[in-house]
Amino acid sequence: MRKRNYTRRKILTGSLGAGIAYSLSSGSVSGFASSDGSGDQGNQRIHMVKKGEKQLFADDLMISRRSDVRRMTHAAVKLERPVLDADMPWEQGEEYDGKRDCRIYIYGTVMRENDSGTFRMWYNRFTQNYYATSQDGVNWQRPVPGLMGANNMIGLEAHSPSIIRDEFDPDPSKKFKAVGHVSGHSQEAIRKLKQKFNTDWSWYTGTGAYCAFYSGDGLKWERYPDPVLLSGDTITLSQDPATGEYLAFHKIGGDPRVTGRQVFLSVSRDMRNWTDPEPVMVTDEIDHRQARLLEGGTHSEFYNMSAFPYGNQWLGLVTHFRRTGEPPVKGPGQSLHDGPIDVQLVHSRNGRNWERCSDRSPVIPLGPHPYDSGSILGVCNSPVTAGDEMWMYYTAMTTTHGGYLPDKVMSIARAAWRLDGMVSLRAGEKTGVIETVPFIPEGRHLYVNADCREGRLGVEVLDVNGKVREGYGKNDCRQYKTDAVKQPIRWNKRNGMLPAGRPICLRFFLEKGDLYSYVVE
């Protein structure tokens with residue numbers, strides 16, 4: 001099979017199958033739909049903005065122009081300690097050089113119950129999976145589910161399973177879905193799985209494959225009878241909130257279309273039949289140059305990727321593995337490749353076509369605490385909300401990927417941002433201007449998420465021709481000098497109300513501050 005060089009443009013324009021790829025010109029972009037009544041004024045498409053739907057600034061799709069602002073990603077705030085250590089005997093391995101093998105992972109999932117506020121965590125060590133709960137998201141308990149003895153093990157045997165609560169399946173026995181890696185399939189099972197895809201899998205000679213599972217309570221699990229995707233190791237499962245389709249973001253190493261480990265996407269409507277895996281997040285020369293800055297650095301790979309719908313779009317957290325050759329010290333259970341891994345932000349409008357954020361600074365960097373100073377091996381599949389913050393749980397590692405096992409301690413840690421706080425548009429001393437494309441808001445009240453304690457923020461309302469609507473000018477708007485995740489915008493003579501049922505544009509004036517998002521309610 002001839003190796004194909006997948007560029008960013010090829011990945012973005014590649015088809016993922018009938019009914020899956022989205023067209024930005026079709027009037028269906030994430031949560032936006034073209035307005036038939038006023039849908040094309042001066043060849044400008046008019047978007048409908050849903051009531052309560054957050055508008056982020058990860059890309060420029062909803063921005064017609066901006067000046068004197070730059071897009072910034074923001075590093076998470078961390079705790080001094082992990083939230084969960086491998087301190088139970090059944091979570092630990094053998095002893096080497098007087099040190100117990102203490103490694104637990106969260107490639108998996110943390111959810112928060114709407115009614116009780118209880119946090120639920122699914123985590124693992126190799127193919128054994130565990131369950132924990134918390135009332136505050138920091139202090140975790142290991143309840144005994146009564147499934148496998150006097151511990152918190154659950155009946156889900158797979159490596160790095162990723163779990164979702166299915167919002168579409170009416171069958172209560174299948175309320176939860178999962179995908180994870182299972183080794184040791186027969187050659188016949190692998191052969192049959194290869195035949196389900198159009199992609200040439202002749203290069204794959206392994207016996208591992210991803211399997212799909214379902215559960216009514218998230219504790220007792222059943223496996224669909226046949227493996228569903230080839231290759232193995234890490235995988236993240238998500239669900240499209242508009243269509244109900246399942247999206248599996250999985251790592252494939254060795255695919256001749258790319259170099260090294262990269263992230264591929266397959267889509268399914270039933271958890272059993274999946275589209276051909278297509279590369280959706282592949283490292284480029286900028287990433288390779290970052291790797292070569294390290295001693296012994298050779299190239300970069302993407303170890304895995306978590307993707308989730310957020311606001312009016314999708315966000316993703318991709319683990320950037322900067323390869324530095326073989327580990328300098330060999331030990332038992334040794335990883336063969338060394339190098340640090342941190343986490344960057346990526347974004348999409350439909351969950352299928354992904355782009356890098358213009359600021360590639362890590363949103364979950366290494367350190368400053370010892371527990372994650374070496375690598376961040378994986379991130380759970382979606383954030384949870386707690387007050388005015390969004391939290392992501394991740395696998396923290398004290399060493400680089402190929403660290404000597406007795407020194408390699410892996411735990412579960414928490415990263416926190418303000419709501420919508422992974423990315424912003426930032427202005428300095430000179431007043432920055434951000435102007436939206438025309439849209440019709442379903443609501444009447446505008447709120448912004450901004451930090452302008454050292455500067456100021458004001459908003460104008462324009463018509464589709466860029467003319468300021470009467471009473472909605474910069475001088476009519478109260479100037480804000482606050483730090484708030486939901487600040488109401490008021491105009492002196494308009495009682496804080498946006499024009500009803502008419503296309504508008506917003507023009508933000510920002511000085512010495514960060515604008516994270518806005519919402520109309």
# chains A, B, ... in the order shown; residues from 1 in each chain; ligands from 1
>>> residues_around(residues="Glu326 in chain A", least_positions_apart="4", cutoff="8 Å", atoms="only C-alpha atoms", output="list of chain:residue names")
A:Leu336, A:His337, A:Asp338, A:Gly402
>>> atom_distance(atom1="CA of Ile252 in chain A", atom2="CA of Ala58 in chain A")
26.9 Å
>>> residues_around(residues="Asp359 in chain A", least_positions_apart="4", cutoff="8 Å", atoms="only C-alpha atoms", output="list in words")
Arg71, Met72 and Thr73 of chain A
>>> residues_around(residues="Ser183 in chain A", least_positions_apart="5", cutoff="9 Å", atoms="only C-alpha atoms", output="number ranges by chain")
A: 158-159, 206-210, 232
>>> select_by_dssp(residues="range 442-500 of chain A", states="strand (DSSP E)", output="mmCIF file with C-alpha atoms, in the first residue's frame")
data_model
loop_
_atom_site.group_PDB
_atom_site.id
_atom_site.type_symbol
_atom_site.label_atom_id
_atom_site.label_comp_id
_atom_site.auth_asym_id
_atom_site.auth_seq_id
_atom_site.Cartn_x
_atom_site.Cartn_y
_atom_site.Cartn_z
ATOM 1 C CA LEU A 446 -26.728 39.579 26.738
ATOM 2 C CA TYR A 447 -24.159 38.247 29.223
ATOM 3 C CA VAL A 448 -20.383 38.107 28.874
ATOM 4 C CA ASN A 449 -17.657 36.050 30.528
ATOM 5 C CA ALA A 450 -14.702 38.395 30.850
ATOM 6 C CA ASP A 451 -11.851 39.461 33.085
ATOM 7 C CA ARG A 456 -12.660 47.873 30.591
ATOM 8 C CA LEU A 457 -15.274 46.309 28.348
ATOM 9 C CA GLY A 458 -18.132 47.830 26.372
ATOM 10 C CA VAL A 459 -20.532 46.472 23.736
ATOM 11 C CA GLU A 460 -22.351 48.020 20.774
ATOM 12 C CA VAL A 461 -25.267 46.487 18.876
ATOM 13 C CA LEU A 462 -25.190 46.929 15.089
ATOM 14 C CA ASP A 483 -14.019 39.741 36.531
ATOM 15 C CA ALA A 484 -17.185 37.653 36.149
ATOM 16 C CA VAL A 485 -18.212 34.483 34.324
ATOM 17 C CA LYS A 486 -21.686 35.913 33.691
ATOM 18 C CA GLN A 487 -21.821 39.694 33.586
ATOM 19 C CA PRO A 488 -25.095 41.235 32.294
#
>>> closest_residue(among="A:Thr283, A:Asn350, A:Ser424, A:Gln195", to="Arg322 in chain A", atoms="only C-alpha atoms")
A:Thr283
>>> closest_residue(among="A:Gly374, A:Leu156, A:Thr275, A:Gln128", to="Thr199 in chain A", atoms="only C-alpha atoms")
A:Thr275
>>> residues_around(residues="Gly180 in chain A", least_positions_apart="6", cutoff="8 Å", atoms="only C-alpha atoms", output="VMD selection string")
chain A and resid 158 to 162 210 to 212 233 to 235
>>> residues_around(residues="range 500-510 of chain A", least_positions_apart="4", cutoff="8 Å", atoms="only C-alpha atoms", output="JSON, numbers by chain")
{"A": [38, 46, 426, 427, 431, 432, 433, 434, 435, 436, 437, 438, 439, 440, 441, 442, 443, 444, 452, 455, 456, 457, 458, 459, 460, 461, 462, 463, 464, 466, 514, 515]}
>>> write_last_selection(atoms="N, CA, C and O atoms", output="compact mmCIF listing (two decimals), in the first residue's frame")
# COMPACT_ATOMS: atom_id res chain seq x y z
N SER A 38 -34.85 35.74 6.78
CA SER A 38 -33.92 36.83 6.51
C SER A 38 -32.54 36.27 6.23
O SER A 38 -31.54 36.88 6.52
N ILE A 46 -27.23 34.67 7.75
CA ILE A 46 -27.69 35.06 9.08
C ILE A 46 -27.85 33.80 9.93
O ILE A 46 -28.60 32.89 9.57
N ARG A 426 -7.63 38.29 23.94
CA ARG A 426 -7.00 39.21 24.91
C ARG A 426 -6.59 40.50 24.22
O ARG A 426 -6.02 40.49 23.12
N ALA A 427 -6.88 41.61 24.91
CA ALA A 427 -6.45 42.93 24.47
C ALA A 427 -5.47 43.51 25.47
O ALA A 427 -5.55 43.21 26.67
N THR A 431 -7.05 49.54 22.73
CA THR A 431 -8.39 48.96 22.75
C THR A 431 -8.57 47.98 21.59
O THR A 431 -8.38 48.32 20.43
N GLY A 432 -8.94 46.76 21.92
CA GLY A 432 -9.22 45.74 20.92
C GLY A 432 -10.68 45.75 20.53
O GLY A 432 -11.55 46.12 21.33
N VAL A 433 -10.96 45.35 19.31
CA VAL A 433 -12.32 45.33 18.79
C VAL A 433 -12.61 43.93 18.25
O VAL A 433 -11.82 43.38 17.48
N ILE A 434 -13.75 43.37 18.66
CA ILE A 434 -14.23 42.09 18.15
C ILE A 434 -15.66 42.29 17.66
O ILE A 434 -16.52 42.72 18.44
N GLU A 435 -15.89 42.00 16.38
CA GLU A 435 -17.22 42.20 15.81
C GLU A 435 -17.76 40.87 15.29
O GLU A 435 -17.07 40.17 14.56
N THR A 436 -18.96 40.53 15.69
CA THR A 436 -19.54 39.25 15.29
C THR A 436 -20.14 39.33 13.89
O THR A 436 -20.40 40.41 13.36
N VAL A 437 -20.40 38.15 13.33
CA VAL A 437 -21.19 38.07 12.11
C VAL A 437 -22.64 38.33 12.47
O VAL A 437 -23.03 38.29 13.64
N PRO A 438 -23.51 38.60 11.49
CA PRO A 438 -24.93 38.82 11.80
C PRO A 438 -25.58 37.56 12.36
O PRO A 438 -25.32 36.45 11.88
N PHE A 439 -26.44 37.73 13.35
CA PHE A 439 -27.20 36.60 13.88
C PHE A 439 -28.51 37.10 14.46
O PHE A 439 -28.66 38.28 14.78
N ILE A 440 -29.47 36.19 14.56
CA ILE A 440 -30.74 36.49 15.21
C ILE A 440 -30.76 35.75 16.55
O ILE A 440 -30.76 34.52 16.56
N PRO A 441 -30.75 36.46 17.66
CA PRO A 441 -30.75 35.79 18.96
C PRO A 441 -32.15 35.36 19.36
O PRO A 441 -33.12 36.09 19.15
N GLU A 442 -32.27 34.17 19.93
CA GLU A 442 -33.56 33.73 20.44
C GLU A 442 -33.92 34.46 21.74
O GLU A 442 -35.09 34.62 22.06
N GLY A 443 -32.89 34.88 22.49
CA GLY A 443 -33.14 35.59 23.75
C GLY A 443 -33.02 37.09 23.59
O GLY A 443 -32.75 37.62 22.51
N ARG A 444 -33.16 37.80 24.71
CA ARG A 444 -33.12 39.27 24.70
C ARG A 444 -32.03 39.85 25.60
O ARG A 444 -31.75 41.04 25.53
N CYS A 452 -11.80 41.87 33.06
CA CYS A 452 -11.26 43.18 32.67
C CYS A 452 -11.09 44.04 33.92
O CYS A 452 -11.42 45.23 33.92
N GLY A 455 -8.77 46.75 33.07
CA GLY A 455 -9.12 47.54 31.90
C GLY A 455 -10.60 47.85 31.86
O GLY A 455 -11.19 48.23 32.86
N ARG A 456 -11.23 47.60 30.71
CA ARG A 456 -12.66 47.87 30.59
C ARG A 456 -13.23 47.13 29.40
O ARG A 456 -12.51 46.73 28.48
N LEU A 457 -14.55 46.99 29.41
CA LEU A 457 -15.27 46.31 28.35
C LEU A 457 -16.57 47.05 28.07
O LEU A 457 -17.28 47.45 28.99
N GLY A 458 -16.86 47.25 26.80
CA GLY A 458 -18.13 47.83 26.37
C GLY A 458 -18.63 47.10 25.13
O GLY A 458 -17.85 46.45 24.43
N VAL A 459 -19.94 47.19 24.85
CA VAL A 459 -20.53 46.47 23.74
C VAL A 459 -21.48 47.38 22.97
O VAL A 459 -22.29 48.10 23.58
N GLU A 460 -21.39 47.36 21.65
CA GLU A 460 -22.35 48.02 20.77
C GLU A 460 -23.19 46.97 20.07
O GLU A 460 -22.74 45.84 19.84
N VAL A 461 -24.40 47.34 19.69
CA VAL A 461 -25.27 46.49 18.88
C VAL A 461 -25.43 47.15 17.52
O VAL A 461 -25.81 48.33 17.43
N LEU A 462 -25.16 46.41 16.45
CA LEU A 462 -25.19 46.93 15.09
C LEU A 462 -26.28 46.23 14.28
O LEU A 462 -26.74 45.15 14.63
N ASP A 463 -26.67 46.85 13.16
CA ASP A 463 -27.51 46.15 12.21
C ASP A 463 -26.61 45.38 11.24
O ASP A 463 -25.39 45.41 11.36
N VAL A 464 -27.20 44.69 10.26
CA VAL A 464 -26.40 43.85 9.38
C VAL A 464 -25.49 44.65 8.46
O VAL A 464 -24.57 44.10 7.86
N GLY A 466 -23.67 47.12 9.61
CA GLY A 466 -22.62 47.66 10.44
C GLY A 466 -22.94 49.00 11.08
O GLY A 466 -22.07 49.63 11.67
N ASP A 514 -9.44 39.92 29.13
CA ASP A 514 -9.73 38.71 28.39
C ASP A 514 -11.23 38.56 28.23
O ASP A 514 -11.98 38.68 29.21
N LEU A 515 -11.67 38.27 27.02
CA LEU A 515 -13.07 37.96 26.73
C LEU A 515 -13.15 36.48 26.40
O LEU A 515 -12.55 36.01 25.44
>>> closest_residue(among="A:His47, A:Lys512, A:Lys467, A:Lys430", to="Tyr480 in chain A", atoms="only C-alpha atoms")
A:Lys512
>>> select_by_dssp(residues="range 9-211 of chain A", states="alpha helix (DSSP H)", output="MDAnalysis selection string")
chainID A and resid 9:13 187:195
>>> write_last_selection(atoms="C-alpha atoms", output="PDB file, in the first residue's frame")
ATOM      1  CA  ARG A   9      -6.026  20.420   4.599  1.00  0.00           C
ATOM      2  CA  LYS A  10      -6.554  16.823   3.516  1.00  0.00           C
ATOM      3  CA  ILE A  11      -7.705  15.861   6.985  1.00  0.00           C
ATOM      4  CA  LEU A  12     -10.122  18.758   7.206  1.00  0.00           C
ATOM      5  CA  THR A  13     -11.658  18.100   3.826  1.00  0.00           C
ATOM      6  CA  GLN A 187      -7.229 -14.605  14.002  1.00  0.00           C
ATOM      7  CA  GLU A 188     -10.661 -15.366  12.565  1.00  0.00           C
ATOM      8  CA  ALA A 189     -12.278 -12.548  14.574  1.00  0.00           C
ATOM      9  CA  ILE A 190      -9.601 -10.108  13.409  1.00  0.00           C
ATOM     10  CA  ARG A 191     -10.011 -11.282   9.788  1.00  0.00           C
ATOM     11  CA  LYS A 192     -13.775 -10.709   9.898  1.00  0.00           C
ATOM     12  CA  LEU A 193     -13.304  -7.285  11.441  1.00  0.00           C
ATOM     13  CA  LYS A 194     -10.841  -6.286   8.700  1.00  0.00           C
ATOM     14  CA  GLN A 195     -13.415  -7.213   6.077  1.00  0.00           C
TER      15      GLN A 195
END
>>> residues_around(residues="range 361-372 of chain A", least_positions_apart="5", cutoff="7 Å", atoms="only C-alpha atoms", output="PDB file with all heavy atoms, in the first residue's frame")
ATOM      1  N   THR A  73      -4.639  30.624  24.890  1.00  0.00           N
ATOM      2  CA  THR A  73      -5.083  29.488  25.682  1.00  0.00           C
ATOM      3  C   THR A  73      -4.592  29.683  27.113  1.00  0.00           C
ATOM      4  O   THR A  73      -3.604  30.381  27.358  1.00  0.00           O
ATOM      5  CB  THR A  73      -4.560  28.163  25.120  1.00  0.00           C
ATOM      6  OG1 THR A  73      -3.132  28.199  25.064  1.00  0.00           O
ATOM      7  CG2 THR A  73      -5.128  27.907  23.738  1.00  0.00           C
ATOM      8  N   HIS A  74      -5.285  29.052  28.047  1.00  0.00           N
ATOM      9  CA  HIS A  74      -5.001  29.286  29.460  1.00  0.00           C
ATOM     10  C   HIS A  74      -4.700  27.977  30.169  1.00  0.00           C
ATOM     11  O   HIS A  74      -5.446  26.996  30.030  1.00  0.00           O
ATOM     12  CB  HIS A  74      -6.190  29.982  30.132  1.00  0.00           C
ATOM     13  CG  HIS A  74      -6.484  31.326  29.548  1.00  0.00           C
ATOM     14  ND1 HIS A  74      -5.901  32.482  30.010  1.00  0.00           N
ATOM     15  CD2 HIS A  74      -7.272  31.696  28.506  1.00  0.00           C
ATOM     16  CE1 HIS A  74      -6.329  33.511  29.302  1.00  0.00           C
ATOM     17  NE2 HIS A  74      -7.156  33.061  28.372  1.00  0.00           N
ATOM     18  N   ALA A  75      -3.605  27.977  30.898  1.00  0.00           N
ATOM     19  CA  ALA A  75      -3.196  26.785  31.636  1.00  0.00           C
ATOM     20  C   ALA A  75      -4.114  26.559  32.832  1.00  0.00           C
ATOM     21  O   ALA A  75      -4.580  27.508  33.479  1.00  0.00           O
ATOM     22  CB  ALA A  75      -1.754  26.918  32.106  1.00  0.00           C
ATOM     23  N   ALA A  76      -4.371  25.301  33.125  1.00  0.00           N
ATOM     24  CA  ALA A  76      -5.253  24.940  34.230  1.00  0.00           C
ATOM     25  C   ALA A  76      -4.608  25.245  35.578  1.00  0.00           C
ATOM     26  O   ALA A  76      -3.389  25.313  35.715  1.00  0.00           O
ATOM     27  CB  ALA A  76      -5.580  23.455  34.149  1.00  0.00           C
ATOM     28  N   GLU A  80      -2.368  20.714  44.970  1.00  0.00           N
ATOM     29  CA  GLU A  80      -1.026  20.343  45.412  1.00  0.00           C
ATOM     30  C   GLU A  80      -0.811  18.840  45.389  1.00  0.00           C
ATOM     31  O   GLU A  80       0.330  18.371  45.327  1.00  0.00           O
ATOM     32  CB  GLU A  80      -0.770  20.875  46.829  1.00  0.00           C
ATOM     33  CG  GLU A  80      -0.668  22.399  46.901  1.00  0.00           C
ATOM     34  CD  GLU A  80      -0.275  22.878  48.277  1.00  0.00           C
ATOM     35  OE1 GLU A  80      -0.041  22.019  49.164  1.00  0.00           O
ATOM     36  OE2 GLU A  80      -0.174  24.103  48.472  1.00  0.00           O
ATOM     37  N   ASP A 342       2.378  16.501  27.271  1.00  0.00           N
ATOM     38  CA  ASP A 342       1.492  17.488  27.889  1.00  0.00           C
ATOM     39  C   ASP A 342       0.232  17.609  27.033  1.00  0.00           C
ATOM     40  O   ASP A 342       0.034  16.840  26.086  1.00  0.00           O
ATOM     41  CB  ASP A 342       2.178  18.836  28.121  1.00  0.00           C
ATOM     42  CG  ASP A 342       2.775  19.427  26.854  1.00  0.00           C
ATOM     43  OD1 ASP A 342       2.317  19.059  25.745  1.00  0.00           O
ATOM     44  OD2 ASP A 342       3.687  20.266  26.943  1.00  0.00           O
ATOM     45  N   VAL A 343      -0.634  18.564  27.352  1.00  0.00           N
ATOM     46  CA  VAL A 343      -1.969  18.591  26.760  1.00  0.00           C
ATOM     47  C   VAL A 343      -2.232  19.938  26.102  1.00  0.00           C
ATOM     48  O   VAL A 343      -2.052  20.990  26.721  1.00  0.00           O
ATOM     49  CB  VAL A 343      -3.051  18.314  27.827  1.00  0.00           C
ATOM     50  CG1 VAL A 343      -4.441  18.312  27.193  1.00  0.00           C
ATOM     51  CG2 VAL A 343      -2.782  16.991  28.529  1.00  0.00           C
ATOM     52  N   GLN A 344      -2.698  19.898  24.833  1.00  0.00           N
ATOM     53  CA  GLN A 344      -3.036  21.108  24.091  1.00  0.00           C
ATOM     54  C   GLN A 344      -4.524  21.119  23.750  1.00  0.00           C
ATOM     55  O   GLN A 344      -5.189  20.087  23.734  1.00  0.00           O
ATOM     56  CB  GLN A 344      -2.210  21.188  22.803  1.00  0.00           C
ATOM     57  CG  GLN A 344      -0.721  21.354  23.030  1.00  0.00           C
ATOM     58  CD  GLN A 344       0.049  21.458  21.725  1.00  0.00           C
ATOM     59  OE1 GLN A 344      -0.532  21.510  20.638  1.00  0.00           O
ATOM     60  NE2 GLN A 344       1.360  21.497  21.819  1.00  0.00           N
ATOM     61  N   LEU A 345      -5.019  22.318  23.450  1.00  0.00           N
ATOM     62  CA  LEU A 345      -6.427  22.510  23.083  1.00  0.00           C
ATOM     63  C   LEU A 345      -6.590  22.466  21.571  1.00  0.00           C
ATOM     64  O   LEU A 345      -5.810  23.077  20.833  1.00  0.00           O
ATOM     65  CB  LEU A 345      -6.923  23.846  23.623  1.00  0.00           C
ATOM     66  CG  LEU A 345      -8.371  24.227  23.297  1.00  0.00           C
ATOM     67  CD1 LEU A 345      -9.343  23.315  24.035  1.00  0.00           C
ATOM     68  CD2 LEU A 345      -8.638  25.690  23.659  1.00  0.00           C
ATOM     69  N   ALA A 396      -1.785  11.535  35.837  1.00  0.00           N
ATOM     70  CA  ALA A 396      -0.532  12.240  36.129  1.00  0.00           C
ATOM     71  C   ALA A 396       0.595  11.226  36.316  1.00  0.00           C
ATOM     72  O   ALA A 396       0.402  10.164  36.916  1.00  0.00           O
ATOM     73  CB  ALA A 396      -0.697  13.081  37.387  1.00  0.00           C
ATOM     74  N   MET A 397       1.788  11.568  35.820  1.00  0.00           N
ATOM     75  CA  MET A 397       2.916  10.650  35.893  1.00  0.00           C
ATOM     76  C   MET A 397       4.165  11.392  36.362  1.00  0.00           C
ATOM     77  O   MET A 397       4.462  12.489  35.878  1.00  0.00           O
ATOM     78  CB  MET A 397       3.148   9.990  34.532  1.00  0.00           C
ATOM     79  CG  MET A 397       4.080   8.821  34.560  1.00  0.00           C
ATOM     80  SD  MET A 397       3.798   7.667  33.174  1.00  0.00           S
ATOM     81  CE  MET A 397       4.372   8.629  31.801  1.00  0.00           C
ATOM     82  N   THR A 398       4.887  10.772  37.279  1.00  0.00           N
ATOM     83  CA  THR A 398       6.059  11.424  37.863  1.00  0.00           C
ATOM     84  C   THR A 398       7.256  11.419  36.932  1.00  0.00           C
ATOM     85  O   THR A 398       8.189  12.198  37.124  1.00  0.00           O
ATOM     86  CB  THR A 398       6.447  10.730  39.175  1.00  0.00           C
ATOM     87  OG1 THR A 398       6.634   9.327  38.929  1.00  0.00           O
ATOM     88  CG2 THR A 398       5.371  10.915  40.235  1.00  0.00           C
ATOM     89  N   MET A 422     -10.750  27.922  28.868  1.00  0.00           N
ATOM     90  CA  MET A 422      -9.566  27.368  28.220  1.00  0.00           C
ATOM     91  C   MET A 422      -8.976  28.301  27.173  1.00  0.00           C
ATOM     92  O   MET A 422      -7.784  28.225  26.867  1.00  0.00           O
ATOM     93  CB  MET A 422      -9.906  26.025  27.571  1.00  0.00           C
ATOM     94  CG  MET A 422     -10.187  24.914  28.554  1.00  0.00           C
ATOM     95  SD  MET A 422     -10.452  23.332  27.708  1.00  0.00           S
ATOM     96  CE  MET A 422     -10.762  22.261  29.120  1.00  0.00           C
TER      97      MET A 422
END
>>> closest_atom_pairs(of="range 52-162 of chain A", to="range 217-223 of chain A", cutoff="10 Å", atoms="only C-alpha atoms", output="JSON lines")
{"residue": "A:Arg120", "atom": "CA", "partner": "A:Gly218", "partner_atom": "CA", "distance": 9.7}
{"residue": "A:Trp122", "atom": "CA", "partner": "A:Gly218", "partner_atom": "CA", "distance": 8.8}
{"residue": "A:Asn129", "atom": "CA", "partner": "A:Leu219", "partner_atom": "CA", "distance": 9.8}
{"residue": "A:Tyr130", "atom": "CA", "partner": "A:Leu219", "partner_atom": "CA", "distance": 9.1}
{"residue": "A:Tyr131", "atom": "CA", "partner": "A:Leu219", "partner_atom": "CA", "distance": 7.9}
{"residue": "A:Pro145", "atom": "CA", "partner": "A:Leu219", "partner_atom": "CA", "distance": 7.3}
{"residue": "A:Gly146", "atom": "CA", "partner": "A:Leu219", "partner_atom": "CA", "distance": 9.6}
{"residue": "A:Leu147", "atom": "CA", "partner": "A:Lys220", "partner_atom": "CA", "distance": 7.7}
{"residue": "A:Asn152", "atom": "CA", "partner": "A:Leu219", "partner_atom": "CA", "distance": 9.9}
{"residue": "A:Met153", "atom": "CA", "partner": "A:Leu219", "partner_atom": "CA", "distance": 8.9}
{"residue": "A:Ile154", "atom": "CA", "partner": "A:Leu219", "partner_atom": "CA", "distance": 5.6}
{"residue": "A:Gly155", "atom": "CA", "partner": "A:Lys220", "partner_atom": "CA", "distance": 5.5}
{"residue": "A:Leu156", "atom": "CA", "partner": "A:Trp221", "partner_atom": "CA", "distance": 5.8}
{"residue": "A:Glu157", "atom": "CA", "partner": "A:Trp221", "partner_atom": "CA", "distance": 8.9}
>>> write_last_selection(atoms="N, CA and C atoms", output="mmCIF file, in the first residue's frame")
data_model
loop_
_atom_site.group_PDB
_atom_site.id
_atom_site.type_symbol
_atom_site.label_atom_id
_atom_site.label_comp_id
_atom_site.auth_asym_id
_atom_site.auth_seq_id
_atom_site.Cartn_x
_atom_site.Cartn_y
_atom_site.Cartn_z
ATOM 1 N N ARG A 120 -19.077 10.855 39.935
ATOM 2 C CA ARG A 120 -18.832 9.434 39.704
ATOM 3 C C ARG A 120 -17.615 9.286 38.793
ATOM 4 N N TRP A 122 -14.906 6.539 36.815
ATOM 5 C CA TRP A 122 -14.496 5.217 36.356
ATOM 6 C C TRP A 122 -13.019 5.311 35.974
ATOM 7 N N ASN A 129 -10.954 -2.472 36.009
ATOM 8 C CA ASN A 129 -11.582 -1.163 36.143
ATOM 9 C C ASN A 129 -12.228 -0.994 37.511
ATOM 10 N N TYR A 130 -12.246 0.260 37.961
ATOM 11 C CA TYR A 130 -12.675 0.596 39.308
ATOM 12 C C TYR A 130 -13.687 1.745 39.256
ATOM 13 N N TYR A 131 -14.352 1.907 40.392
ATOM 14 C CA TYR A 131 -15.398 2.917 40.498
ATOM 15 C C TYR A 131 -15.226 3.672 41.811
ATOM 16 N N PRO A 145 -19.259 -2.005 45.155
ATOM 17 C CA PRO A 145 -20.455 -2.263 44.362
ATOM 18 C C PRO A 145 -21.047 -3.652 44.576
ATOM 19 N N GLY A 146 -20.282 -4.567 45.229
ATOM 20 C CA GLY A 146 -20.788 -5.910 45.456
ATOM 21 C C GLY A 146 -20.739 -6.786 44.232
ATOM 22 N N LEU A 147 -19.836 -6.479 43.305
ATOM 23 C CA LEU A 147 -19.765 -7.236 42.063
ATOM 24 C C LEU A 147 -18.610 -8.225 42.066
ATOM 25 N N ASN A 152 -13.646 -2.057 45.125
ATOM 26 C CA ASN A 152 -14.425 -1.218 44.211
ATOM 27 C C ASN A 152 -14.226 -1.592 42.748
ATOM 28 N N MET A 153 -13.841 -2.847 42.491
ATOM 29 C CA MET A 153 -13.743 -3.309 41.109
ATOM 30 C C MET A 153 -15.132 -3.470 40.504
ATOM 31 N N ILE A 154 -15.222 -3.228 39.205
ATOM 32 C CA ILE A 154 -16.495 -3.397 38.502
ATOM 33 C C ILE A 154 -16.312 -4.372 37.351
ATOM 34 N N GLY A 155 -17.426 -4.870 36.828
ATOM 35 C CA GLY A 155 -17.392 -5.887 35.790
ATOM 36 C C GLY A 155 -17.227 -5.344 34.399
ATOM 37 N N LEU A 156 -16.138 -4.665 34.160
ATOM 38 C CA LEU A 156 -15.821 -4.148 32.826
ATOM 39 C C LEU A 156 -14.359 -4.464 32.557
ATOM 40 N N GLU A 157 -14.108 -5.484 31.757
ATOM 41 C CA GLU A 157 -12.747 -5.952 31.520
ATOM 42 C C GLU A 157 -12.256 -5.447 30.172
#
